[in-house]
$ cat my_file.json   # JSON, C-alpha atoms
[["chain", "number", "residue", "atom", "x", "y", "z"],
["A", 15, "MET", "CA", -41.85, -14.49, -18.80],
["A", 16, "ASP", "CA", -41.60, -15.38, -22.49],
["A", 17, "ILE", "CA", -38.45, -14.84, -24.55],
["A", 18, "THR", "CA", -38.65, -14.70, -28.34],
["A", 19, "PHE", "CA", -36.07, -14.23, -31.09],
["A", 20, "LYS", "CA", -37.23, -12.93, -34.46],
["A", 21, "GLU", "CA", -34.84, -13.07, -37.42],
["A", 22, "VAL", "CA", -31.93, -12.58, -35.03],
["A", 23, "GLY", "CA", -28.38, -12.36, -36.30],
["A", 24, "PHE", "CA", -25.18, -11.47, -34.52],
["A", 25, "THR", "CA", -21.78, -10.57, -35.94],
["A", 26, "TYR", "CA", -18.72, -10.12, -33.76],
["A", 27, "GLN", "CA", -16.65, -6.99, -34.54],
["A", 28, "LYS", "CA", -19.12, -6.00, -37.24],
["A", 29, "GLY", "CA", -17.80, -3.51, -39.76],
["A", 30, "THR", "CA", -14.16, -4.41, -39.14],
["A", 31, "PRO", "CA", -11.79, -6.66, -41.12],
["A", 32, "PHE", "CA", -12.18, -9.19, -38.29],
["A", 33, "GLN", "CA", -15.96, -9.49, -38.36],
["A", 34, "ASN", "CA", -17.34, -12.98, -37.76],
["A", 35, "ARG", "CA", -20.99, -13.94, -38.12],
["A", 36, "ALA", "CA", -21.99, -16.11, -35.16],
["A", 37, "LEU", "CA", -25.79, -16.21, -35.61],
["A", 38, "TYR", "CA", -28.22, -15.77, -38.47],
["A", 39, "ASP", "CA", -31.96, -16.23, -39.07],
["A", 40, "ILE", "CA", -32.69, -17.27, -35.48],
["A", 41, "ASP", "CA", -36.41, -17.63, -34.78],
["A", 42, "LEU", "CA", -37.34, -19.24, -31.48],
["A", 43, "ALA", "CA", -39.79, -18.96, -28.62],
["A", 44, "ILE", "CA", -39.09, -19.88, -25.01],
["A", 45, "LYS", "CA", -42.41, -19.95, -23.21],
["A", 46, "SER", "CA", -42.81, -19.08, -19.56],
["A", 47, "GLY", "CA", -42.65, -22.23, -17.44],
["A", 48, "SER", "CA", -40.92, -24.32, -20.10],
["A", 49, "PHE", "CA", -37.75, -26.41, -19.91],
["A", 50, "THR", "CA", -35.78, -25.87, -23.11],
["A", 51, "ALA", "CA", -32.56, -27.64, -24.12],
["A", 52, "LEU", "CA", -30.09, -26.03, -26.55],
["A", 53, "VAL", "CA", -27.73, -28.54, -28.16],
["A", 54, "GLY", "CA", -25.03, -28.31, -30.80],
["A", 55, "HIS", "CA", -21.31, -28.59, -31.30],
["A", 56, "THR", "CA", -18.74, -26.02, -30.18],
["A", 57, "GLY", "CA", -19.08, -23.04, -32.53],
["A", 58, "SER", "CA", -22.73, -23.74, -33.31],
["A", 59, "GLY", "CA", -23.90, -20.51, -31.63],
["A", 60, "LYS", "CA", -25.14, -21.80, -28.26],
["A", 61, "SER", "CA", -23.02, -19.46, -26.12],
["A", 62, "THR", "CA", -23.89, -16.44, -28.26],
["A", 63, "ILE", "CA", -27.61, -17.16, -27.97],
["A", 64, "LEU", "CA", -27.18, -17.66, -24.23],
["A", 65, "GLN", "CA", -25.78, -14.14, -23.84],
["A", 66, "HIS", "CA", -28.73, -12.68, -25.75],
["A", 67, "LEU", "CA", -31.18, -14.22, -23.28],
["A", 68, "ASN", "CA", -30.46, -11.53, -20.66],
["A", 69, "ALA", "CA", -29.14, -8.82, -22.99],
["A", 70, "LEU", "CA", -25.46, -9.29, -22.22],
["A", 71, "MET", "CA", -25.33, -9.07, -26.00],
["A", 72, "LYS", "CA", -27.66, -7.23, -28.36],
["A", 73, "PRO", "CA", -28.52, -8.59, -31.80],
["A", 74, "THR", "CA", -26.86, -6.95, -34.78],
["A", 75, "GLU", "CA", -29.97, -7.96, -36.76],
["A", 76, "GLY", "CA", -33.57, -8.68, -35.75],
["A", 77, "THR", "CA", -35.22, -8.40, -32.35],
["A", 78, "VAL", "CA", -35.06, -10.22, -29.02],
["A", 79, "THR", "CA", -38.12, -9.79, -26.80],
["A", 80, "ILE", "CA", -37.60, -10.55, -23.11],
["A", 81, "GLY", "CA", -40.90, -10.24, -21.26],
["A", 82, "ASP", "CA", -42.17, -6.80, -22.25],
["A", 83, "ARG", "CA", -38.74, -5.50, -23.30],
["A", 84, "ILE", "CA", -37.80, -5.42, -26.99],
["A", 85, "ILE", "CA", -34.06, -5.48, -27.67],
["A", 86, "THR", "CA", -32.83, -4.26, -31.06],
["A", 87, "PRO", "CA", -29.39, -3.23, -32.36],
["A", 88, "GLU", "CA", -30.27, 0.36, -31.37],
["A", 89, "THR", "CA", -31.34, -0.38, -27.78],
["A", 90, "ASN", "CA", -29.57, 1.73, -25.14],
["A", 91, "ASN", "CA", -27.29, -0.44, -22.98],
["A", 92, "LYS", "CA", -27.94, 1.70, -19.89],
["A", 93, "ASN", "CA", -31.52, 0.51, -19.59],
["A", 94, "LEU", "CA", -30.89, -3.24, -19.54],
["A", 95, "LYS", "CA", -29.76, -3.89, -15.95],
["A", 96, "ASP", "CA", -33.19, -4.95, -14.69],
["A", 97, "ILE", "CA", -33.33, -7.73, -17.31],
["A", 98, "ARG", "CA", -30.28, -9.35, -15.72],
["A", 99, "LYS", "CA", -32.19, -9.72, -12.49],
["A", 100, "LYS", "CA", -35.07, -11.48, -14.22],
["A", 101, "VAL", "CA", -32.87, -13.80, -16.30],
["A", 102, "GLY", "CA", -30.11, -15.45, -14.28],
["A", 103, "ILE", "CA", -27.25, -17.24, -16.03],
["A", 104, "VAL", "CA", -25.23, -20.03, -14.43],
["A", 105, "PHE", "CA", -22.09, -20.11, -16.54],
["A", 106, "GLN", "CA", -19.92, -23.19, -16.92],
["A", 107, "PHE", "CA", -17.80, -23.79, -13.77],
["A", 108, "PRO", "CA", -19.62, -21.01, -11.83],
["A", 109, "GLU", "CA", -17.55, -21.79, -8.73],
["A", 110, "ALA", "CA", -14.70, -19.89, -10.38],
["A", 111, "GLN", "CA", -16.71, -16.69, -9.78],
["A", 112, "LEU", "CA", -16.81, -17.03, -5.98],
["A", 113, "PHE", "CA", -14.84, -14.26, -4.29],
["A", 114, "GLU", "CA", -16.20, -13.26, -0.86],
["A", 115, "GLU", "CA", -14.73, -14.39, 2.48],
["A", 116, "THR", "CA", -17.95, -16.10, 3.59],
["A", 117, "ILE", "CA", -20.66, -18.00, 1.78],
["A", 118, "ALA", "CA", -23.33, -15.67, 3.18],
["A", 119, "LYS", "CA", -21.62, -12.57, 1.79],
["A", 120, "ASP", "CA", -21.05, -14.19, -1.59],
["A", 121, "ILE", "CA", -24.69, -15.14, -2.05],
["A", 122, "ALA", "CA", -25.94, -11.80, -0.69],
["A", 123, "PHE", "CA", -23.68, -9.74, -2.97],
["A", 124, "GLY", "CA", -25.97, -9.78, -6.01],
["A", 125, "PRO", "CA", -29.19, -8.74, -4.24],
["A", 126, "GLN", "CA", -27.33, -5.96, -2.39],
["A", 127, "ASN", "CA", -25.98, -4.73, -5.70],
["A", 128, "PHE", "CA", -29.60, -4.30, -6.78],
["A", 129, "GLY", "CA", -30.53, -2.33, -3.66],
["A", 130, "VAL", "CA", -31.68, -5.04, -1.26],
["A", 131, "ALA", "CA", -30.86, -4.22, 2.38],
["A", 132, "GLU", "CA", -28.04, -6.28, 3.92],
["A", 133, "LYS", "CA", -30.33, -7.96, 6.47],
["A", 134, "ASP", "CA", -32.83, -9.00, 3.79],
["A", 135, "ALA", "CA", -30.04, -10.12, 1.46],
["A", 136, "LEU", "CA", -28.62, -12.39, 4.17],
["A", 137, "GLU", "CA", -32.07, -13.89, 4.78],
["A", 138, "LEU", "CA", -32.25, -14.56, 1.05],
["A", 139, "ALA", "CA", -28.82, -16.19, 1.23],
["A", 140, "LYS", "CA", -30.02, -18.57, 3.95],
["A", 141, "GLU", "CA", -33.14, -19.46, 1.95],
["A", 142, "MET", "CA", -31.19, -20.07, -1.25],
["A", 143, "LEU", "CA", -28.64, -22.26, 0.52],
["A", 144, "ASP", "CA", -31.50, -24.49, 1.58],
["A", 145, "LEU", "CA", -32.77, -24.64, -2.00],
["A", 146, "VAL", "CA", -29.43, -25.94, -3.27],
["A", 147, "GLY", "CA", -29.17, -28.58, -0.54],
["A", 148, "LEU", "CA", -26.90, -26.84, 1.97],
["A", 149, "ASP", "CA", -28.07, -25.77, 5.44],
["A", 150, "GLU", "CA", -27.48, -22.50, 7.31],
["A", 151, "THR", "CA", -24.40, -23.89, 9.11],
["A", 152, "TYR", "CA", -22.54, -23.12, 5.89],
["A", 153, "MET", "CA", -23.32, -19.39, 6.08],
["A", 154, "GLU", "CA", -20.14, -18.26, 7.83],
["A", 155, "ARG", "CA", -17.81, -20.75, 6.19],
["A", 156, "SER", "CA", -15.38, -19.77, 3.45],
["A", 157, "PRO", "CA", -16.56, -20.96, 0.03],
["A", 158, "PHE", "CA", -12.98, -22.02, -0.65],
["A", 159, "ASP", "CA", -13.09, -24.65, 2.09],
["A", 160, "LEU", "CA", -15.82, -26.61, 0.29],
["A", 161, "SER", "CA", -15.69, -29.47, -2.19],
["A", 162, "GLY", "CA", -16.01, -28.62, -5.87],
["A", 163, "GLY", "CA", -19.64, -29.74, -5.97],
["A", 164, "GLN", "CA", -20.51, -27.70, -2.88],
["A", 165, "MET", "CA", -18.78, -24.62, -4.31],
["A", 166, "ARG", "CA", -20.88, -24.97, -7.44],
["A", 167, "ARG", "CA", -24.05, -25.13, -5.36],
["A", 168, "VAL", "CA", -23.04, -21.93, -3.53],
["A", 169, "ALA", "CA", -22.45, -20.17, -6.86],
["A", 170, "ILE", "CA", -25.87, -21.32, -8.07],
["A", 171, "ALA", "CA", -27.44, -20.06, -4.84],
["A", 172, "GLY", "CA", -25.93, -16.65, -5.64],
["A", 173, "VAL", "CA", -27.77, -16.60, -8.96],
["A", 174, "LEU", "CA", -31.01, -17.80, -7.35],
["A", 175, "ALA", "CA", -30.75, -15.04, -4.73],
["A", 176, "MET", "CA", -31.53, -12.57, -7.52],
["A", 177, "GLU", "CA", -34.92, -14.33, -7.69],
["A", 178, "PRO", "CA", -34.90, -14.71, -11.48],
["A", 179, "GLU", "CA", -37.92, -15.78, -13.49],
["A", 180, "VAL", "CA", -35.69, -17.53, -16.04],
["A", 181, "LEU", "CA", -32.65, -19.65, -15.16],
["A", 182, "VAL", "CA", -30.12, -20.29, -17.93],
["A", 183, "LEU", "CA", -27.71, -23.18, -17.37],
["A", 184, "ASP", "CA", -24.52, -23.42, -19.44],
["A", 185, "GLU", "CA", -23.23, -27.02, -19.18],
["A", 186, "PRO", "CA", -24.04, -26.99, -15.43],
["A", 187, "THR", "CA", -22.77, -30.52, -14.78],
["A", 188, "ALA", "CA", -19.40, -30.17, -16.54],
["A", 189, "GLY", "CA", -16.64, -31.89, -14.60],
["A", 190, "LEU", "CA", -18.96, -33.74, -12.20],
["A", 191, "ASP", "CA", -19.03, -37.50, -11.73],
["A", 192, "PRO", "CA", -22.20, -39.39, -12.80],
["A", 193, "LYS", "CA", -23.82, -39.21, -9.36],
["A", 194, "GLY", "CA", -22.94, -35.53, -8.97],
["A", 195, "ARG", "CA", -24.32, -34.81, -12.43],
["A", 196, "ARG", "CA", -27.57, -36.60, -11.67],
["A", 197, "ASP", "CA", -27.96, -34.89, -8.27],
["A", 198, "MET", "CA", -27.34, -31.49, -9.84],
["A", 199, "MET", "CA", -29.91, -32.02, -12.60],
["A", 200, "GLU", "CA", -32.47, -33.31, -10.10],
["A", 201, "MET", "CA", -31.92, -30.14, -8.07],
["A", 202, "PHE", "CA", -32.60, -27.95, -11.11],
["A", 203, "TYR", "CA", -35.68, -29.97, -11.97],
["A", 204, "GLN", "CA", -37.06, -29.53, -8.46],
["A", 205, "LEU", "CA", -36.51, -25.76, -8.76],
["A", 206, "TYR", "CA", -38.32, -25.86, -12.10],
["A", 207, "LYS", "CA", -41.29, -27.70, -10.60],
["A", 208, "THR", "CA", -41.55, -26.02, -7.19],
["A", 209, "LYS", "CA", -40.53, -22.45, -8.04],
["A", 210, "GLY", "CA", -42.12, -22.27, -11.47],
["A", 211, "LEU", "CA", -38.84, -21.21, -13.06],
["A", 212, "THR", "CA", -38.35, -21.20, -16.80],
["A", 213, "ILE", "CA", -35.22, -23.26, -17.52],
["A", 214, "VAL", "CA", -32.90, -23.02, -20.53],
["A", 215, "LEU", "CA", -30.27, -25.76, -20.53],
["A", 216, "VAL", "CA", -27.20, -25.70, -22.78],
["A", 217, "THR", "CA", -25.81, -29.23, -22.81],
["A", 218, "HIS", "CA", -24.08, -32.05, -24.65],
["A", 219, "GLN", "CA", -25.75, -34.62, -22.40],
["A", 220, "MET", "CA", -28.61, -36.15, -24.39],
["A", 221, "ASP", "CA", -29.80, -38.16, -21.39],
["A", 222, "ASP", "CA", -30.43, -34.87, -19.56],
["A", 223, "VAL", "CA", -32.41, -33.57, -22.55],
["A", 224, "ALA", "CA", -34.53, -36.74, -22.57],
["A", 225, "ASP", "CA", -35.04, -36.79, -18.80],
["A", 226, "PHE", "CA", -35.92, -33.14, -18.23],
["A", 227, "ALA", "CA", -36.59, -30.97, -21.31],
["A", 228, "ASP", "CA", -39.95, -30.36, -22.96],
["A", 229, "GLN", "CA", -38.45, -28.46, -25.93],
["A", 230, "MET", "CA", -35.24, -29.17, -27.84],
["A", 231, "ILE", "CA", -33.40, -26.78, -30.16],
["A", 232, "VAL", "CA", -30.52, -28.04, -32.33],
["A", 233, "LEU", "CA", -27.99, -25.49, -33.57],
["A", 234, "GLU", "CA", -25.41, -25.83, -36.30],
["A", 235, "GLY", "CA", -23.19, -23.21, -37.90],
["A", 236, "GLY", "CA", -24.94, -20.30, -36.21],
["A", 237, "THR", "CA", -28.55, -21.16, -37.01],
["A", 238, "ILE", "CA", -31.34, -23.51, -35.90],
["A", 239, "VAL", "CA", -31.48, -26.71, -37.93],
["A", 240, "LYS", "CA", -34.19, -28.45, -35.93],
["A", 241, "GLN", "CA", -36.49, -27.72, -33.01],
["A", 242, "GLY", "CA", -39.42, -29.45, -31.40],
["A", 243, "LEU", "CA", -40.33, -32.06, -28.79],
["A", 244, "PRO", "CA", -37.37, -34.21, -27.70],
["A", 245, "LYS", "CA", -39.36, -37.40, -28.39],
["A", 246, "ASP", "CA", -39.88, -36.33, -32.02],
["A", 247, "ILE", "CA", -36.28, -35.26, -32.63],
["A", 248, "PHE", "CA", -34.81, -38.37, -31.01],
["A", 249, "LYS", "CA", -36.81, -40.52, -33.44],
["A", 250, "GLU", "CA", -34.40, -39.22, -36.06],
["A", 251, "ALA", "CA", -31.49, -41.13, -34.58],
["A", 252, "ALA", "CA", -29.69, -41.51, -37.92],
["A", 253, "TRP", "CA", -29.81, -37.75, -38.50],
["A", 254, "LEU", "CA", -28.48, -37.05, -34.99],
["A", 255, "GLU", "CA", -25.70, -39.60, -35.41],
["A", 256, "GLU", "CA", -24.81, -38.01, -38.75],
["A", 257, "LYS", "CA", -24.49, -34.68, -36.93],
["A", 258, "GLN", "CA", -22.38, -36.48, -34.28],
["A", 259, "LEU", "CA", -24.76, -35.35, -31.55],
["A", 260, "GLY", "CA", -25.73, -38.79, -30.31],
["A", 261, "VAL", "CA", -28.95, -39.96, -28.70],
["A", 262, "PRO", "CA", -30.02, -40.82, -25.13],
["A", 263, "THR", "CA", -28.84, -44.15, -23.72],
["A", 264, "ALA", "CA", -32.37, -45.60, -23.78],
["A", 265, "VAL", "CA", -32.87, -44.68, -27.45],
["A", 266, "SER", "CA", -29.53, -46.20, -28.43],
["A", 267, "PHE", "CA", -30.24, -49.42, -26.50],
["A", 268, "SER", "CA", -33.76, -49.70, -27.93],
["A", 269, "ASN", "CA", -32.54, -49.31, -31.52],
["A", 270, "LYS", "CA", -29.76, -51.87, -31.07],
["A", 271, "PHE", "CA", -32.14, -54.26, -29.27],
["A", 272, "SER", "CA", -34.61, -54.13, -32.16],
["A", 273, "GLU", "CA", -31.83, -54.62, -34.74],
["A", 274, "LYS", "CA", -30.38, -57.64, -32.92],
["A", 275, "THR", "CA", -33.63, -59.39, -31.96],
["A", 276, "GLY", "CA", -36.13, -58.18, -34.54],
["A", 277, "ILE", "CA", -38.46, -57.31, -31.66],
["A", 278, "ASP", "CA", -40.31, -54.01, -31.93],
["A", 279, "LEU", "CA", -40.89, -52.41, -28.52],
["A", 280, "GLY", "CA", -43.81, -50.46, -29.96],
["A", 281, "GLU", "CA", -42.60, -46.97, -29.13],
["A", 282, "LEU", "CA", -39.36, -45.10, -28.61],
["A", 283, "PRO", "CA", -38.23, -44.95, -24.96],
["A", 284, "LEU", "CA", -36.55, -41.66, -24.05],
["A", 285, "THR", "CA", -35.48, -42.53, -20.52],
["A", 286, "THR", "CA", -34.19, -45.66, -18.81],
["A", 287, "ASP", "CA", -37.47, -45.85, -16.86],
["A", 288, "ASP", "CA", -39.41, -45.80, -20.15],
["A", 289, "LEU", "CA", -37.12, -48.53, -21.51],
["A", 290, "ALA", "CA", -37.58, -50.72, -18.45],
["A", 291, "ASP", "CA", -41.38, -50.37, -18.65],
["A", 292, "LEU", "CA", -41.42, -51.32, -22.34],
["A", 293, "LEU", "CA", -39.16, -54.34, -21.80],
["A", 294, "VAL", "CA", -41.31, -55.59, -18.92],
["A", 295, "ALA", "CA", -44.45, -55.11, -21.03],
["A", 296, "LYS", "CA", -42.88, -57.03, -23.92],
["A", 297, "ILE", "CA", -41.82, -59.89, -21.59],
["A", 298, "ASN", "CA", -45.32, -60.09, -20.11],
["A", 299, "GLU", "CA", -46.84, -60.05, -23.59],
["A", 300, "THR", "CA", -44.55, -62.91, -24.67],
["A", 301, "LYS", "CA", -45.38, -64.94, -21.55],
["A", 302, "ALA", "CA", -49.12, -64.46, -22.15],
["A", 303, "GLY", "CA", -48.66, -65.65, -25.72],
["A", 304, "ASP", "CA", -46.79, -68.75, -24.57],
["A", 305, "VAL", "CA", -49.57, -69.63, -22.11],
["A", 306, "LYS", "CA", -52.15, -69.53, -24.89]]
$ encode --input "my_file.json" --output "structure tokens"
Amino acid sequence: MDITFKEVGFTYQKGTPFQNRALYDIDLAIKSGSFTALVGHTGSGKSTILQHLNALMKPTEGTVTIGDRIITPETNNKNLKDIRKKVGIVFQFPEAQLFEETIAKDIAFGPQNFGVAEKDALELAKEMLDLVGLDETYMERSPFDLSGGQMRRVAIAGVLAMEPEVLVLDEPTAGLDPKGRRDMMEMFYQLYKTKGLTIVLVTHQMDDVADFADQMIVLEGGTIVKQGLPKDIFKEAAWLEEKQLGVPTAVSFSNKFSEKTGIDLGELPLTTDDLADLLVAKINETKAGDVK
């Protein structure tokens, strides 16, 4: 399911003395099956865009098209519930939204709210637990007896139980240690590959953008200032540093390596695996030259 924004603007409390323009001139396309990263500082408009992706907010200007639904400022709010089943949002610290006495009931709550029979909803809960790396022995446990990382996985399972076509992730690894962050992102990537989900990732972690995204959108002051392939945008390291957004670890290392040694690696590595491959290739090339 494609999502497109055309000349979208949004103003909070429009028409009042307290109005505040959060978005303007937003044109973007999120293609079905893509993995898109939204980056930008606090106040850049990321969270406001996020809430337009499943019509939690409607534009005050322009149009948002979600699948075959066109959302305009005049769209009736009563007809938007089905969109929220197709586009699931995992908000930052989703574990704070857990509330049921058992994990099974918590995960099954959303599907039941959309008319799924209790038995079928509980089967969905079991299936989704497996997807997030927890087995069915967790079903009757209280979500509040789990570790923070496990609670987050249960909350994510609750979103997945709605069987969305698009999964929106708002800083999903916030507060996790490096291993927990990596495990969480690998889990999302597996869902992306095996379930064919469209992923939209809001993040400050440039390594995650480099490792997983195939499209990158940079926001500043409520509008898009750059969008394209991560490998193209990360070539503009000076521009990103100027915007205080940073670059992936491999890009930073590669640039510093070339400055210090004068050795050109030939291409820009986005990931640590890319960097390792280029360094090995350069070492082998040097050895071959020495032999001659």
$ residues_around --input "my_file.json" --residues "A:Phe158" --least-positions-apart "5" --cutoff "12 Å" --atoms "all atoms listed in the file" --output "compact mmCIF listing (two decimals) with C-alpha atoms, in the coordinates of the input"
# COMPACT_ATOMS: atom_id res chain seq x y z
CA GLU A 109 -17.55 -21.79 -8.73
CA ALA A 110 -14.70 -19.89 -10.38
CA GLN A 111 -16.71 -16.69 -9.78
CA LEU A 112 -16.81 -17.03 -5.98
CA PHE A 113 -14.84 -14.26 -4.29
CA GLU A 114 -16.20 -13.26 -0.86
CA GLU A 115 -14.73 -14.39 2.48
CA THR A 116 -17.95 -16.10 3.59
CA ILE A 117 -20.66 -18.00 1.78
CA ASP A 120 -21.05 -14.19 -1.59
CA TYR A 152 -22.54 -23.12 5.89
CA GLY A 163 -19.64 -29.74 -5.97
CA GLN A 164 -20.51 -27.70 -2.88
CA MET A 165 -18.78 -24.62 -4.31
CA ARG A 166 -20.88 -24.97 -7.44
CA VAL A 168 -23.04 -21.93 -3.53
CA ALA A 169 -22.45 -20.17 -6.86
$ closest_residue --input "my_file.json" --among "A:Thr217, A:Ser161, A:Thr187, A:Thr74" --to "A:Thr86" --atoms "only C-alpha atoms"
A:Thr74
$ atom_distance --input "my_file.json" --atom1 "atom CA of A:Gln106" --atom2 "atom CA of A:Gly194"
15.0 Å
$ residues_around --input "my_file.json" --residues "A:Leu148" --least-positions-apart "5" --cutoff "10 Å" --atoms "only C-alpha atoms" --output "PyMOL selection string"
chain A and resi 140-143+153+164+167-168+171
$ write_last_selection --input "my_file.json" --atoms "C-alpha atoms" --output "JSON list (two decimals), in the frame of the given file"
[["chain", "number", "residue", "atom", "x", "y", "z"],
["A", 140, "LYS", "CA", -30.02, -18.57, 3.95],
["A", 141, "GLU", "CA", -33.14, -19.46, 1.95],
["A", 142, "MET", "CA", -31.19, -20.07, -1.25],
["A", 143, "LEU", "CA", -28.64, -22.26, 0.52],
["A", 153, "MET", "CA", -23.32, -19.39, 6.08],
["A", 164, "GLN", "CA", -20.51, -27.70, -2.88],
["A", 167, "ARG", "CA", -24.05, -25.13, -5.36],
["A", 168, "VAL", "CA", -23.04, -21.93, -3.53],
["A", 171, "ALA", "CA", -27.44, -20.06, -4.84]]
$ residues_around --input "my_file.json" --residues "A:His55" --least-positions-apart "3" --cutoff "9 Å" --atoms "all atoms listed in the file" --output "MDAnalysis selection string"
chainID A and resid 58:60 218 233:235 257:259
$ closest_residue --input "my_file.json" --among "A:Thr30, A:Asn68, A:Thr286, A:Gln219" --to "A:Val261" --atoms "all atoms listed in the file"
A:Gln219
$ atom_distance --input "my_file.json" --atom1 "atom CA of A:Ile297" --atom2 "atom CA of A:Ser268"
14.5 Å
$ closest_residue --input "my_file.json" --among "A:Glu154, A:Asp16, A:Asp246, A:Asp228" --to "A:Tyr206" --atoms "all atoms listed in the file"
A:Asp228
$ atom_distance --input "my_file.json" --atom1 "atom CA of A:Phe107" --atom2 "atom CA of A:Ala188"
7.1 Å
$ residues_around --input "my_file.json" --residues "A:Val180" --least-positions-apart "2" --cutoff "6 Å" --atoms "all atoms listed in the file" --output "list in words"
Val101, Pro178, Leu211, Thr212 and Ile213 of chain A
$ closest_residue --input "my_file.json" --among "A:Ile44, A:Ile103, A:Leu67, A:Val53" --to "A:Leu254" --atoms "only C-alpha atoms"
A:Val53
$ residues_around --input "my_file.json" --residues "A:Ser272" --least-positions-apart "6" --cutoff "12 Å" --atoms "only C-alpha atoms" --output "compact mmCIF listing (two decimals) with C-alpha atoms, in the coordinates of the input"
# COMPACT_ATOMS: atom_id res chain seq x y z
CA VAL A 265 -32.87 -44.68 -27.45
CA SER A 266 -29.53 -46.20 -28.43
CA ASP A 278 -40.31 -54.01 -31.93
CA LEU A 279 -40.89 -52.41 -28.52
CA GLY A 280 -43.81 -50.46 -29.96
CA GLU A 281 -42.60 -46.97 -29.13
CA LEU A 282 -39.36 -45.10 -28.61
CA LEU A 293 -39.16 -54.34 -21.80
$ closest_residue --input "my_file.json" --among "A:Asp184, A:Ile40, A:Asp159, A:Asp288" --to "A:Lys20" --atoms "all atoms listed in the file"
A:Ile40
$ decode --input "my_file.json" --residues "stretch 197-243 of chain A" --atoms "C-alpha atoms" --output "PDB file, in the first residue's frame"
ATOM      1  CA  ASP A 197      18.344  -7.169  18.229  1.00  0.00           C
ATOM      2  CA  MET A 198      15.247  -4.982  17.964  1.00  0.00           C
ATOM      3  CA  MET A 199      16.231  -3.572  14.565  1.00  0.00           C
ATOM      4  CA  GLU A 200      17.098  -7.044  13.264  1.00  0.00           C
ATOM      5  CA  MET A 201      13.631  -8.186  14.350  1.00  0.00           C
ATOM      6  CA  PHE A 202      11.982  -5.368  12.400  1.00  0.00           C
ATOM      7  CA  TYR A 203      14.123  -6.105   9.368  1.00  0.00           C
ATOM      8  CA  GLN A 204      13.102  -9.764   9.429  1.00  0.00           C
ATOM      9  CA  LEU A 205       9.440  -8.703   9.567  1.00  0.00           C
ATOM     10  CA  TYR A 206      10.095  -6.413   6.616  1.00  0.00           C
ATOM     11  CA  LYS A 207      11.666  -9.215   4.590  1.00  0.00           C
ATOM     12  CA  THR A 208       9.440 -12.158   5.562  1.00  0.00           C
ATOM     13  CA  LYS A 209       6.062 -10.445   5.929  1.00  0.00           C
ATOM     14  CA  GLY A 210       6.462  -7.930   3.125  1.00  0.00           C
ATOM     15  CA  LEU A 211       5.664  -5.038   5.454  1.00  0.00           C
ATOM     16  CA  THR A 212       6.284  -1.456   4.441  1.00  0.00           C
ATOM     17  CA  ILE A 213       8.420   0.123   7.178  1.00  0.00           C
ATOM     18  CA  VAL A 214       8.679   3.795   8.127  1.00  0.00           C
ATOM     19  CA  LEU A 215      11.376   4.424  10.730  1.00  0.00           C
ATOM     20  CA  VAL A 216      11.684   7.681  12.670  1.00  0.00           C
ATOM     21  CA  THR A 217      15.169   7.723  14.175  1.00  0.00           C
ATOM     22  CA  HIS A 218      18.252   9.644  15.238  1.00  0.00           C
ATOM     23  CA  GLN A 219      20.417   6.548  14.753  1.00  0.00           C
ATOM     24  CA  MET A 220      22.263   6.998  11.453  1.00  0.00           C
ATOM     25  CA  ASP A 221      23.752   3.504  11.659  1.00  0.00           C
ATOM     26  CA  ASP A 222      20.197   2.099  11.572  1.00  0.00           C
ATOM     27  CA  VAL A 223      19.421   4.220   8.505  1.00  0.00           C
ATOM     28  CA  ALA A 224      22.550   2.928   6.760  1.00  0.00           C
ATOM     29  CA  ASP A 225      21.974  -0.698   7.762  1.00  0.00           C
ATOM     30  CA  PHE A 226      18.281  -1.008   6.927  1.00  0.00           C
ATOM     31  CA  ALA A 227      16.657   1.845   4.967  1.00  0.00           C
ATOM     32  CA  ASP A 228      16.333   2.110   1.202  1.00  0.00           C
ATOM     33  CA  GLN A 229      14.957   5.676   1.294  1.00  0.00           C
ATOM     34  CA  MET A 230      15.962   8.573   3.551  1.00  0.00           C
ATOM     35  CA  ILE A 231      13.992  11.761   4.183  1.00  0.00           C
ATOM     36  CA  VAL A 232      15.584  14.669   6.067  1.00  0.00           C
ATOM     37  CA  LEU A 233      13.269  17.179   7.739  1.00  0.00           C
ATOM     38  CA  GLU A 234      14.055  20.623   9.070  1.00  0.00           C
ATOM     39  CA  GLY A 235      11.732  23.342  10.318  1.00  0.00           C
ATOM     40  CA  GLY A 236       8.588  21.562   9.165  1.00  0.00           C
ATOM     41  CA  THR A 237       9.579  20.728   5.597  1.00  0.00           C
ATOM     42  CA  ILE A 238      11.709  18.271   3.619  1.00  0.00           C
ATOM     43  CA  VAL A 239      15.210  19.571   2.924  1.00  0.00           C
ATOM     44  CA  LYS A 240      16.596  16.425   1.319  1.00  0.00           C
ATOM     45  CA  GLN A 241      15.397  12.979   0.295  1.00  0.00           C
ATOM     46  CA  GLY A 242      16.845  10.097  -1.657  1.00  0.00           C
ATOM     47  CA  LEU A 243      18.983   6.989  -1.300  1.00  0.00           C
TER      48      LEU A 243
END
